[in-house]
Amino acid sequence: MNQVLDKAFVGTGCTLQAALRSKRYAQLLSEELRLEDEVCDDPLATAALHAGPVPVTVCLNTKQGERAERAILKLPQVKRDPQRRALFRLLGERIAIAASNRLPLRIRRLAKRWGELEEFEQRALLMALSSFLETSDLDKPKTRDEDLANQPDERVMPAVYRPGRKGLPHPNCLGKAQLLAGFVRLTGAQAYGCTPILQYDQARLAIHIDICQATLEALESMPDYNRRWARKLRKAIKSDKEKLAYPSWQHAGVLIKLVSGKWMIVDPNFRGVQELPDQAKVREALERLSKFERVQPGVAVLDGPRDLRKSCRPHRRRLKRGIEPARFVAEEAMRTPLDLDKVVERIMRSKHFNAIRDGMGIPAAVRRKRGREGSLRWWLQWQIISTQARSKSGMQTTAGALKSVLLDVSDRLLETGIRWFDVSQYIDTGLRLHPQREYQELGHFLATATVAHIAVNANRSSETEEVLVTESACQFRLYHRMLELFNGGNSQGAWDAALALDALPFRLGSVNRLLPKLQARNHTLIRSMTCPEKRKATKVTEAGRRRAKRPRSRTSPPTPVRAEPAPRPSSTRRRR
């Protein structure tokens, strides 16, 4: 761990030994040692200080208001390490200082005038900074896989890289977040670290799968559906699911507050700068975080919709309007007995008449000459005769020819409806940048993420993550700690991480794939063990009393789980 920390401090322009001898470290350590006496009059802060970041995070994200506070007061106490906390605080500060010196002079000058700028000027400055960070990747890899494979330590060491200079390491997403932290230090604005739980491209895939699945269900519910479209949709669903099966890679962004009070997410790798959709919920989440960021800077709060399928409802309604005419005609074709006069009458009375008439392709001259009903009847009769003439025997019945004509019309309407809908063009409707997010105190977030990144390259990820999870409740820290259960380990800390992830309202895609495997092999993995709830009183039977008298071990971890090899632990390795 000391070797990894030393490399992290070298990235800020000093060494671990120099940091431990600095006056700033002594000052931060003194503050951490006095913290317990400062909060002794606040029972809630005292309980959070001695509980650790992970249980507090679970309580804040699974309960609201007073219920969350009561749950925090009941949490068991754990031993804290003031020296380690002071060291991480110092690392976060030095990262911001080193990063601020790497910004262009014009941006640094404008950053110092941040408080004097209007809202539109602040937005423009953030856009300029994001554009600079995005276009500074002069040697960036051409593909995502090349970028993920090219993750040296220098990409997260602000004292080493030089944005905009060719031939030198360019910062990755975490390195750009460090530069943003340096910008925040110059402005004095309020900011938080942002970890996307569901990233923008993953959300696109999830919505695309849902819409394709809805289209396929609509096709299969028809009496005689277009199998070519069904095969195409199944292929698209399979391809998207394979892309979503990739291991989750940590990404980093920064949340910055404007002078107007609005919160903006700055992410140069994804669309630059964007205002978050529901500002009231963002402020509520950050208010919960601000109560505990001093006593537990590693606490994380979640923000965003729990179920992304709600955003697909408008697409489903639009899809239904495009497919319903084809369904109506297909159902007419399957009626027995089939009579031309009754078919024309039902189509005339249908609310889908205009769509069906347009899908048939009746010439406008025929419609003007024969009217609504006459043109429809004439066109169907002409198609019946053509179908009979094309049949091999030439003796096809009128009912059989009419059925073939209607099924052809249904296929034509179906293709028109699906092409008009065009699944891909509606994916972005209502979809904001990173729908599900996690917020943390900025300095602590950057410090732990940087140490985790360096630990992966030093092949010390497992031992480092064991320490980091006691300081940070980021889902990626919990995820990497949980991976021990799939690599032959069986420590209580790994099970605690799995229990904490299981209790959260929404999780990383990798966690959602691994948790059911743990639950299937060990039934002791239940929700909310790290955040105890008040249970309802139940009637105790004699058999229940006998079972209660049996000795149970509450401290020993569950039996080990042997499973297929887990995905390779990763840090903040993400695009560019």
# chains A, B, ... in the order shown; residues from 1 in each chain; ligands from 1
$ residues_around --residues "A:Ile265" --least-positions-apart "2" --cutoff "10 Å" --atoms "only C-alpha atoms" --output "JSON, numbers by chain"
{"A": [126, 191, 192, 193, 194, 253, 254, 255, 256, 257, 263, 267, 268, 272, 273, 274, 275, 276, 433, 434]}
$ atom_distance --atom1 "atom CA of A:Lys23" --atom2 "atom CA of A:Leu90"
10.7 Å
$ closest_residue --among "A:Phe445, A:Lys241, A:Gln190, A:Thr62" --to "A:Asp210" --atoms "only C-alpha atoms"
A:Lys241
$ atom_distance --atom1 "atom CA of A:Asp303" --atom2 "atom CA of A:Asn512"
17.7 Å
$ atom_distance --atom1 "atom CA of A:Ser410" --atom2 "atom CA of A:Pro325"
7.7 Å
$ closest_residue --among "A:Leu478, A:Leu406, A:Ala86, A:Cys59" --to "A:Ser30" --atoms "only C-alpha atoms"
A:Ala86
$ residues_around --residues "A:Met157" --least-positions-apart "6" --cutoff "9 Å" --atoms "only C-alpha atoms" --output "short mmCIF file (atom, residue, chain, number, x, y, z; two decimals) with all heavy atoms, in the first residue's frame"
data_model
loop_
_atom_site.label_atom_id
_atom_site.label_comp_id
_atom_site.auth_asym_id
_atom_site.auth_seq_id
_atom_site.Cartn_x
_atom_site.Cartn_y
_atom_site.Cartn_z
N LYS A 7 3.72 6.27 -5.26
CA LYS A 7 3.58 6.56 -6.69
C LYS A 7 2.51 7.62 -6.93
O LYS A 7 2.65 8.49 -7.80
CB LYS A 7 3.22 5.27 -7.42
CG LYS A 7 3.28 5.36 -8.94
CD LYS A 7 4.69 5.51 -9.42
CE LYS A 7 4.78 5.48 -10.95
NZ LYS A 7 4.51 4.14 -11.49
N ALA A 8 1.43 7.57 -6.14
CA ALA A 8 0.37 8.57 -6.30
C ALA A 8 0.87 9.96 -5.92
O ALA A 8 0.56 10.95 -6.61
CB ALA A 8 -0.83 8.19 -5.44
N PHE A 9 1.67 10.07 -4.85
CA PHE A 9 2.19 11.38 -4.47
C PHE A 9 3.25 11.87 -5.45
O PHE A 9 3.39 13.08 -5.66
CB PHE A 9 2.76 11.32 -3.05
CG PHE A 9 1.74 11.54 -1.98
CD1 PHE A 9 1.22 10.49 -1.25
CD2 PHE A 9 1.28 12.82 -1.69
CE1 PHE A 9 0.27 10.68 -0.26
CE2 PHE A 9 0.34 13.04 -0.70
CZ PHE A 9 -0.19 11.97 0.01
N VAL A 10 4.00 10.94 -6.06
CA VAL A 10 4.97 11.34 -7.08
C VAL A 10 4.23 12.00 -8.24
O VAL A 10 4.74 12.95 -8.85
CB VAL A 10 5.78 10.12 -7.57
CG1 VAL A 10 6.56 10.45 -8.84
CG2 VAL A 10 6.72 9.65 -6.47
N GLY A 11 3.03 11.54 -8.54
CA GLY A 11 2.24 12.14 -9.60
C GLY A 11 1.79 13.55 -9.30
O GLY A 11 1.35 14.26 -10.21
N THR A 12 1.90 13.98 -8.04
CA THR A 12 1.55 15.35 -7.68
C THR A 12 2.77 16.23 -7.46
O THR A 12 2.62 17.41 -7.12
CB THR A 12 0.70 15.35 -6.39
OG1 THR A 12 1.49 14.87 -5.30
CG2 THR A 12 -0.54 14.48 -6.56
N GLY A 13 3.98 15.65 -7.61
CA GLY A 13 5.20 16.45 -7.50
C GLY A 13 5.95 16.29 -6.21
O GLY A 13 6.86 17.09 -5.93
N ILE A 95 -3.43 16.80 -5.60
CA ILE A 95 -3.88 16.52 -6.97
C ILE A 95 -4.49 17.77 -7.59
O ILE A 95 -4.20 18.13 -8.74
CB ILE A 95 -4.87 15.35 -6.98
CG1 ILE A 95 -4.14 14.03 -6.74
CG2 ILE A 95 -5.64 15.29 -8.30
CD1 ILE A 95 -5.07 12.83 -6.59
N ALA A 98 -1.66 20.39 -8.28
CA ALA A 98 -0.83 20.05 -9.43
C ALA A 98 -1.63 20.18 -10.73
O ALA A 98 -1.08 20.60 -11.76
CB ALA A 98 -0.30 18.62 -9.28
N ALA A 99 -2.90 19.81 -10.70
CA ALA A 99 -3.72 19.89 -11.92
C ALA A 99 -3.99 21.33 -12.32
O ALA A 99 -4.05 21.65 -13.51
CB ALA A 99 -5.03 19.14 -11.70
N PRO A 171 -4.23 12.72 -20.54
CA PRO A 171 -5.03 12.26 -19.40
C PRO A 171 -6.23 11.44 -19.86
O PRO A 171 -6.86 11.74 -20.89
CB PRO A 171 -5.48 13.56 -18.73
CG PRO A 171 -5.42 14.59 -19.81
CD PRO A 171 -4.30 14.19 -20.72
N GLY A 175 -7.88 11.55 -15.31
CA GLY A 175 -6.96 12.67 -15.44
C GLY A 175 -7.68 13.96 -15.79
O GLY A 175 -7.32 15.04 -15.30
N GLN A 178 -9.26 15.27 -12.75
CA GLN A 178 -8.27 15.95 -11.92
C GLN A 178 -8.05 17.39 -12.41
O GLN A 178 -7.96 18.32 -11.60
CB GLN A 178 -6.95 15.18 -11.97
CG GLN A 178 -7.01 13.82 -11.28
CD GLN A 178 -5.74 13.03 -11.47
OE1 GLN A 178 -4.94 13.32 -12.37
NE2 GLN A 178 -5.54 12.01 -10.66
N THR A 450 -7.47 7.51 -7.87
CA THR A 450 -6.09 7.52 -8.37
C THR A 450 -5.28 6.38 -7.77
O THR A 450 -4.53 5.69 -8.48
CB THR A 450 -5.43 8.87 -8.04
OG1 THR A 450 -6.20 9.93 -8.62
CG2 THR A 450 -4.01 8.92 -8.57
#
$ select_by_dssp --residues "stretch 6-122 of chain A" --states "helix (DSSP H, G or I)" --output "PyMOL selection string"
chain A and resi 6-10+16-21+23-38+43-51+53-62+65-73+82-100+105-112+114-116+119-122
$ select_by_dssp --residues "stretch 427-490 of chain A" --states "strand (DSSP E)" --output "NGL selection string"
:A and (436-441)
$ write_last_selection --atoms "N, CA, C and O atoms" --output "PDB file, in the first residue's frame"
ATOM      1  N   GLN A 436     -28.050   7.379 -14.434  1.00  0.00           N
ATOM      2  CA  GLN A 436     -27.864   6.987 -13.033  1.00  0.00           C
ATOM      3  C   GLN A 436     -26.447   7.367 -12.603  1.00  0.00           C
ATOM      4  O   GLN A 436     -25.468   6.983 -13.254  1.00  0.00           O
ATOM      5  N   ARG A 437     -26.357   8.104 -11.484  1.00  0.00           N
ATOM      6  CA  ARG A 437     -25.069   8.664 -11.065  1.00  0.00           C
ATOM      7  C   ARG A 437     -24.843   8.461  -9.562  1.00  0.00           C
ATOM      8  O   ARG A 437     -25.779   8.209  -8.812  1.00  0.00           O
ATOM      9  N   GLU A 438     -23.575   8.630  -9.172  1.00  0.00           N
ATOM     10  CA  GLU A 438     -23.174   8.533  -7.771  1.00  0.00           C
ATOM     11  C   GLU A 438     -22.282   9.732  -7.461  1.00  0.00           C
ATOM     12  O   GLU A 438     -21.354  10.036  -8.219  1.00  0.00           O
ATOM     13  N   TYR A 439     -22.567  10.437  -6.359  1.00  0.00           N
ATOM     14  CA  TYR A 439     -21.824  11.642  -5.996  1.00  0.00           C
ATOM     15  C   TYR A 439     -20.984  11.386  -4.743  1.00  0.00           C
ATOM     16  O   TYR A 439     -21.429  10.695  -3.816  1.00  0.00           O
ATOM     17  N   GLN A 440     -19.788  11.983  -4.722  1.00  0.00           N
ATOM     18  CA  GLN A 440     -18.897  11.913  -3.564  1.00  0.00           C
ATOM     19  C   GLN A 440     -18.158  13.232  -3.389  1.00  0.00           C
ATOM     20  O   GLN A 440     -18.101  14.056  -4.321  1.00  0.00           O
ATOM     21  N   GLU A 441     -17.580  13.424  -2.213  1.00  0.00           N
ATOM     22  CA  GLU A 441     -16.732  14.584  -1.974  1.00  0.00           C
ATOM     23  C   GLU A 441     -15.562  14.533  -2.955  1.00  0.00           C
ATOM     24  O   GLU A 441     -14.909  13.502  -3.124  1.00  0.00           O
TER      25      GLU A 441
END
$ residues_around --residues "A:Pro337" --least-positions-apart "5" --cutoff "12 Å" --atoms "only C-alpha atoms" --output "PyMOL selection string"
chain A and resi 332+342-343+398-400+402-403
$ write_last_selection --atoms "C-alpha atoms" --output "mmCIF file, in the first residue's frame"
data_model
loop_
_atom_site.group_PDB
_atom_site.id
_atom_site.type_symbol
_atom_site.label_atom_id
_atom_site.label_comp_id
_atom_site.auth_asym_id
_atom_site.auth_seq_id
_atom_site.Cartn_x
_atom_site.Cartn_y
_atom_site.Cartn_z
ATOM 1 C CA GLU A 332 -59.196 -9.695 -40.752
ATOM 2 C CA LYS A 342 -67.795 -7.575 -44.732
ATOM 3 C CA VAL A 343 -64.051 -6.938 -44.967
ATOM 4 C CA THR A 398 -61.901 -15.808 -53.986
ATOM 5 C CA ALA A 399 -61.653 -16.262 -50.201
ATOM 6 C CA GLY A 400 -58.148 -17.725 -50.466
ATOM 7 C CA LEU A 402 -58.515 -12.310 -50.488
ATOM 8 C CA LYS A 403 -56.646 -13.818 -47.540
#
$ closest_residue --among "A:Glu38, A:Ile384, A:Ser462, A:Gly92" --to "A:Asn487" --atoms "only C-alpha atoms"
A:Ser462
$ residues_around --residues "A:Leu413" --least-positions-apart "5" --cutoff "9 Å" --atoms "only C-alpha atoms" --output "ChimeraX atom specification"
/A:322-323,325-327,329,355-356,358-360,408,418
$ decode --residues "stretch 471-519 of chain A" --atoms "N, CA and C atoms" --output "short mmCIF file (atom, residue, chain, number, x, y, z; two decimals), in the first residue's frame"
data_model
loop_
_atom_site.label_atom_id
_atom_site.label_comp_id
_atom_site.auth_asym_id
_atom_site.auth_seq_id
_atom_site.Cartn_x
_atom_site.Cartn_y
_atom_site.Cartn_z
N GLU A 471 -12.45 3.32 3.32
CA GLU A 471 -12.40 4.78 3.22
C GLU A 471 -13.39 5.33 2.20
N SER A 472 -13.87 4.51 1.29
CA SER A 472 -14.76 4.98 0.24
C SER A 472 -15.86 3.96 -0.01
N ALA A 473 -17.09 4.45 -0.16
CA ALA A 473 -18.24 3.58 -0.44
C ALA A 473 -18.64 3.63 -1.90
N CYS A 474 -17.73 4.03 -2.78
CA CYS A 474 -18.00 4.02 -4.22
C CYS A 474 -18.36 2.60 -4.64
N GLN A 475 -19.32 2.45 -5.54
CA GLN A 475 -19.75 1.12 -5.95
C GLN A 475 -18.62 0.32 -6.60
N PHE A 476 -17.69 0.99 -7.27
CA PHE A 476 -16.57 0.27 -7.87
C PHE A 476 -15.64 -0.29 -6.80
N ARG A 477 -15.47 0.43 -5.68
CA ARG A 477 -14.67 -0.11 -4.58
C ARG A 477 -15.35 -1.35 -3.99
N LEU A 478 -16.66 -1.28 -3.80
CA LEU A 478 -17.40 -2.43 -3.27
C LEU A 478 -17.38 -3.60 -4.27
N TYR A 479 -17.47 -3.27 -5.54
CA TYR A 479 -17.48 -4.31 -6.58
C TYR A 479 -16.15 -5.08 -6.58
N HIS A 480 -15.03 -4.36 -6.57
CA HIS A 480 -13.74 -5.03 -6.59
C HIS A 480 -13.49 -5.80 -5.29
N ARG A 481 -14.04 -5.31 -4.19
CA ARG A 481 -13.91 -6.07 -2.93
C ARG A 481 -14.74 -7.35 -2.99
N MET A 482 -15.90 -7.29 -3.62
CA MET A 482 -16.76 -8.48 -3.73
C MET A 482 -16.14 -9.55 -4.62
N LEU A 483 -15.29 -9.15 -5.58
CA LEU A 483 -14.70 -10.12 -6.50
C LEU A 483 -13.87 -11.18 -5.78
N GLU A 484 -13.44 -10.89 -4.55
CA GLU A 484 -12.68 -11.89 -3.79
C GLU A 484 -13.47 -13.18 -3.62
N LEU A 485 -14.80 -13.08 -3.51
CA LEU A 485 -15.63 -14.27 -3.33
C LEU A 485 -15.62 -15.16 -4.56
N PHE A 486 -15.29 -14.62 -5.71
CA PHE A 486 -15.23 -15.41 -6.94
C PHE A 486 -13.82 -15.87 -7.26
N ASN A 487 -12.85 -15.45 -6.46
CA ASN A 487 -11.46 -15.85 -6.66
C ASN A 487 -10.95 -16.74 -5.54
N GLY A 488 -11.86 -17.38 -4.81
CA GLY A 488 -11.45 -18.31 -3.76
C GLY A 488 -11.39 -17.72 -2.38
N GLY A 489 -11.57 -16.42 -2.23
CA GLY A 489 -11.54 -15.80 -0.91
C GLY A 489 -12.85 -15.97 -0.17
N ASN A 490 -12.82 -15.68 1.12
CA ASN A 490 -14.02 -15.87 1.93
C ASN A 490 -14.02 -14.94 3.14
N SER A 491 -13.48 -13.74 2.98
CA SER A 491 -13.37 -12.84 4.12
C SER A 491 -14.72 -12.18 4.41
N GLN A 492 -14.87 -11.73 5.65
CA GLN A 492 -16.10 -11.06 6.04
C GLN A 492 -16.25 -9.73 5.32
N GLY A 493 -15.13 -9.05 5.04
CA GLY A 493 -15.19 -7.78 4.33
C GLY A 493 -15.76 -7.92 2.93
N ALA A 494 -15.41 -9.02 2.24
CA ALA A 494 -15.96 -9.25 0.90
C ALA A 494 -17.46 -9.50 0.96
N TRP A 495 -17.91 -10.25 1.97
CA TRP A 495 -19.35 -10.49 2.11
C TRP A 495 -20.07 -9.21 2.50
N ASP A 496 -19.46 -8.39 3.32
CA ASP A 496 -20.09 -7.11 3.68
C ASP A 496 -20.26 -6.23 2.43
N ALA A 497 -19.26 -6.26 1.54
CA ALA A 497 -19.37 -5.48 0.31
C ALA A 497 -20.51 -6.00 -0.55
N ALA A 498 -20.65 -7.33 -0.64
CA ALA A 498 -21.75 -7.90 -1.43
C ALA A 498 -23.10 -7.56 -0.82
N LEU A 499 -23.19 -7.60 0.50
CA LEU A 499 -24.45 -7.26 1.17
C LEU A 499 -24.81 -5.80 0.97
N ALA A 500 -23.81 -4.92 1.01
CA ALA A 500 -24.06 -3.50 0.81
C ALA A 500 -24.55 -3.23 -0.62
N LEU A 501 -23.92 -3.86 -1.60
CA LEU A 501 -24.35 -3.69 -2.99
C LEU A 501 -25.76 -4.23 -3.20
N ASP A 502 -26.07 -5.33 -2.56
CA ASP A 502 -27.39 -5.94 -2.70
C ASP A 502 -28.49 -5.04 -2.15
N ALA A 503 -28.15 -4.19 -1.19
CA ALA A 503 -29.16 -3.34 -0.56
C ALA A 503 -29.42 -2.05 -1.33
N LEU A 504 -28.53 -1.65 -2.22
CA LEU A 504 -28.67 -0.36 -2.91
C LEU A 504 -29.81 -0.41 -3.93
N PRO A 505 -30.45 0.72 -4.21
CA PRO A 505 -31.61 0.73 -5.12
C PRO A 505 -31.26 0.40 -6.56
N PHE A 506 -30.11 0.83 -7.06
CA PHE A 506 -29.65 0.41 -8.39
C PHE A 506 -28.14 0.29 -8.35
N ARG A 507 -27.63 -0.60 -9.21
CA ARG A 507 -26.22 -0.99 -9.12
C ARG A 507 -25.59 -1.03 -10.51
N LEU A 508 -24.28 -1.26 -10.51
CA LEU A 508 -23.54 -1.43 -11.76
C LEU A 508 -24.02 -2.67 -12.50
N GLY A 509 -23.85 -2.65 -13.82
CA GLY A 509 -24.25 -3.82 -14.60
C GLY A 509 -23.49 -5.07 -14.22
N SER A 510 -22.18 -4.94 -13.93
CA SER A 510 -21.39 -6.10 -13.52
C SER A 510 -21.89 -6.67 -12.19
N VAL A 511 -22.29 -5.80 -11.29
CA VAL A 511 -22.80 -6.27 -9.99
C VAL A 511 -24.13 -7.00 -10.19
N ASN A 512 -24.98 -6.49 -11.05
CA ASN A 512 -26.27 -7.15 -11.30
C ASN A 512 -26.08 -8.54 -11.89
N ARG A 513 -24.99 -8.76 -12.62
CA ARG A 513 -24.75 -10.09 -13.18
C ARG A 513 -24.15 -11.06 -12.16
N LEU A 514 -23.39 -10.53 -11.18
CA LEU A 514 -22.70 -11.41 -10.24
C LEU A 514 -23.52 -11.70 -8.99
N LEU A 515 -24.34 -10.77 -8.55
CA LEU A 515 -25.10 -10.98 -7.31
C LEU A 515 -26.02 -12.20 -7.37
N PRO A 516 -26.77 -12.43 -8.46
CA PRO A 516 -27.61 -13.64 -8.49
C PRO A 516 -26.82 -14.93 -8.33
N LYS A 517 -25.57 -14.95 -8.79
CA LYS A 517 -24.77 -16.16 -8.62
C LYS A 517 -24.46 -16.40 -7.14
N LEU A 518 -24.18 -15.32 -6.41
CA LEU A 518 -23.95 -15.47 -4.97
C LEU A 518 -25.23 -15.89 -4.26
N GLN A 519 -26.35 -15.29 -4.64
CA GLN A 519 -27.61 -15.61 -3.99
C GLN A 519 -28.05 -17.03 -4.27
#
